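Since the structure comes first, as structure tokens, the remarks are kept for the end.
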Amino acid sequence: MAAPTIVDDDTVTSEQAQSAGDHTVSIATNSVAGETLRMFVSVQNGSVSTGPSGWTEYGTKASATSNNHWYWKKSDGSEPSTIVFSPSGSVVSTHICHRITGADDPDTSAPEITMTDHGSASDPDPATHTPSGGSDDYLYITDLAAFSSETLTLQPSGYSTPTERDHASGNNHVFSCDKETTASSSDNPGAWDITFGRYISGTTSVTPSGGDDATVIPATIATVIAIPAPTVIGDETVTPSTIVTTIAIPAPSLSFGTTASPAVLATVIAMPAPAITYGAGLTPATIVTIIAIPAVEHVGVPRPTAQFVLAMDTTSRFGLDMDTASRFIEEMDTISRFGLDMDTTSRFDLEMDTTSRFGLLLE
């Protein structure tokens, strides 16, 4: 897998002049359904009273002069160009919105954040952020909010050139930059080289697609049913070779949740009734056997919650032609039984184990 990516062309910034009414935020409009949208909102001398509809707040941090809020949304592919939130009073606000591709489903692996109030310290140094999912190819985004217009000399080491928005009032200045990683378990962004001010920072991690809910492709699951040569009772000598049928079940592509426990994988094999000559008034019924395959233990990944039912086609069948002058009896495991009773000149019996059963019903 690879780290998620911010689509730079769809990164949008906006601001709202001082107002006690709804504040309007511009957002990315070219997202594809299922992608992750992320928004950073900084409000001076107030806070967000009611957040934007459909967005989930995943972090908030207040300082003496501002409140800062972080939101995510799973795109439905038809987002409007603007959304609104309600402030707690007459305030100004500044915003940055990102469109992110290659991220895991935020409904199950939401962005996570570590926030720091730096007070009036120069060169604010964000705290180390450690995602809860362990080592993975994370996208890290570090944001900074300053109380007033500031001059940025250098962003944290290893991060991209920042996106920024300096409010026209000079009272709210926000910055955002990102870094894609491989097999990372934490990140310490390092300091912002910026002039004196009051600062709040936040470092976000975004999980790659297939991270916490990794798709697991197990090897093919196969079972071999071996039927020994029958013991023949009769006047004629019959020496059949061993009859072997191999049933190969293709491996499903399984998506696992972080709290999953395994479920039994079951396959239902339906076999048509064999071609048998019956006496008058007899009608064959379908022979069905159900084979239950225990759940496979998956090491190092979460395990499945779902039950899988795989249906075999009717091209795989068991068939034995019999001689009317002889009788066949086949012994297998003596716990269960497969039997076909025919006319008085021949008989065929098979015994199998208790996990499956063959039965032929005659009217």
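Ordering of the structure tokens sets the chain letters (A, B, ...), residue numbers begin anew at 1 in every chain, and ligands are numbered from 1 in the order given.
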Sorted by chain and rising residue number, list the residues of range 6-73 of chain A at most 10 Å from range 191-198 of chain A (counting only C-alpha atoms), each with its closest atom pair and distance in Å to one decimal, as a tab-separated table.
```
residue	atom	partner	partner_atom	distance
A:Ser63	CA	A:Arg198	CA	8.2
A:Ala64	CA	A:Arg198	CA	8.5
A:Thr65	CA	A:Arg198	CA	7.9
A:Ser66	CA	A:Arg198	CA	9.2
```
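With only C-alpha atoms as the atoms that count, the minimum distance from Pro52 in chain A to the choices A:Ile96, A:Cys177, A:Met39, A:Ile83 is reached by A:Ile83.
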Non-local contacts of Ser209 in chain A (12 Å; only C-alpha atoms; under 2 positions in same chain excluded) as a PDB file with C-alpha atoms, in the first residue's frame:
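For reference, out24.pdb as written:
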```
ATOM      1  CA  MET A   1       0.000   0.000   0.000  1.00  0.00           C
ATOM      2  CA  ALA A   2       1.020   3.655  -0.238  1.00  0.00           C
ATOM      3  CA  ALA A   3       0.388   6.708   1.907  1.00  0.00           C
ATOM      4  CA  PRO A   4      -2.709   8.793   1.174  1.00  0.00           C
ATOM      5  CA  THR A   5      -2.165  11.930  -0.892  1.00  0.00           C
ATOM      6  CA  GLY A  34     -15.577   7.569  -0.728  1.00  0.00           C
ATOM      7  CA  GLU A  35     -12.629   9.969  -0.555  1.00  0.00           C
ATOM      8  CA  THR A  36     -11.783  11.826   2.647  1.00  0.00           C
ATOM      9  CA  ILE A 100      -7.359  13.314   0.255  1.00  0.00           C
ATOM     10  CA  THR A 101      -7.106  10.263  -2.034  1.00  0.00           C
ATOM     11  CA  GLY A 102      -5.916   6.767  -1.121  1.00  0.00           C
ATOM     12  CA  ALA A 103      -7.183   7.004   2.472  1.00  0.00           C
ATOM     13  CA  ASP A 104      -8.933   4.235   4.354  1.00  0.00           C
ATOM     14  CA  ASP A 105     -12.676   4.568   4.924  1.00  0.00           C
ATOM     15  CA  PRO A 106     -12.922   7.323   7.578  1.00  0.00           C
ATOM     16  CA  THR A 108     -13.861   2.911  10.270  1.00  0.00           C
ATOM     17  CA  SER A 109     -10.390   4.552  10.315  1.00  0.00           C
ATOM     18  CA  ALA A 110     -10.984   8.224  11.049  1.00  0.00           C
ATOM     19  CA  ASP A 136       1.610   1.985   8.520  1.00  0.00           C
ATOM     20  CA  ASP A 137       2.080   4.251   5.484  1.00  0.00           C
ATOM     21  CA  TYR A 138       0.468   7.309   7.036  1.00  0.00           C
ATOM     22  CA  LEU A 139      -0.126  10.753   5.633  1.00  0.00           C
ATOM     23  CA  VAL A 206      -4.565   9.675   7.878  1.00  0.00           C
ATOM     24  CA  THR A 207      -4.551   5.878   7.473  1.00  0.00           C
ATOM     25  CA  GLY A 211      -4.536  -0.159   6.657  1.00  0.00           C
ATOM     26  CA  ASP A 212      -6.536  -1.090   9.752  1.00  0.00           C
ATOM     27  CA  ASP A 213      -9.020  -3.011   7.599  1.00  0.00           C
ATOM     28  CA  ALA A 214      -6.467  -4.716   5.405  1.00  0.00           C
ATOM     29  CA  THR A 215      -7.763  -6.963   2.624  1.00  0.00           C
ATOM     30  CA  SER A 255     -12.125  -7.390   4.591  1.00  0.00           C
TER      31      SER A 255
END
```
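Taking CA of Thr142 in chain A as the reference point, CA of Thr128 in chain A is found at 10.7 Å.
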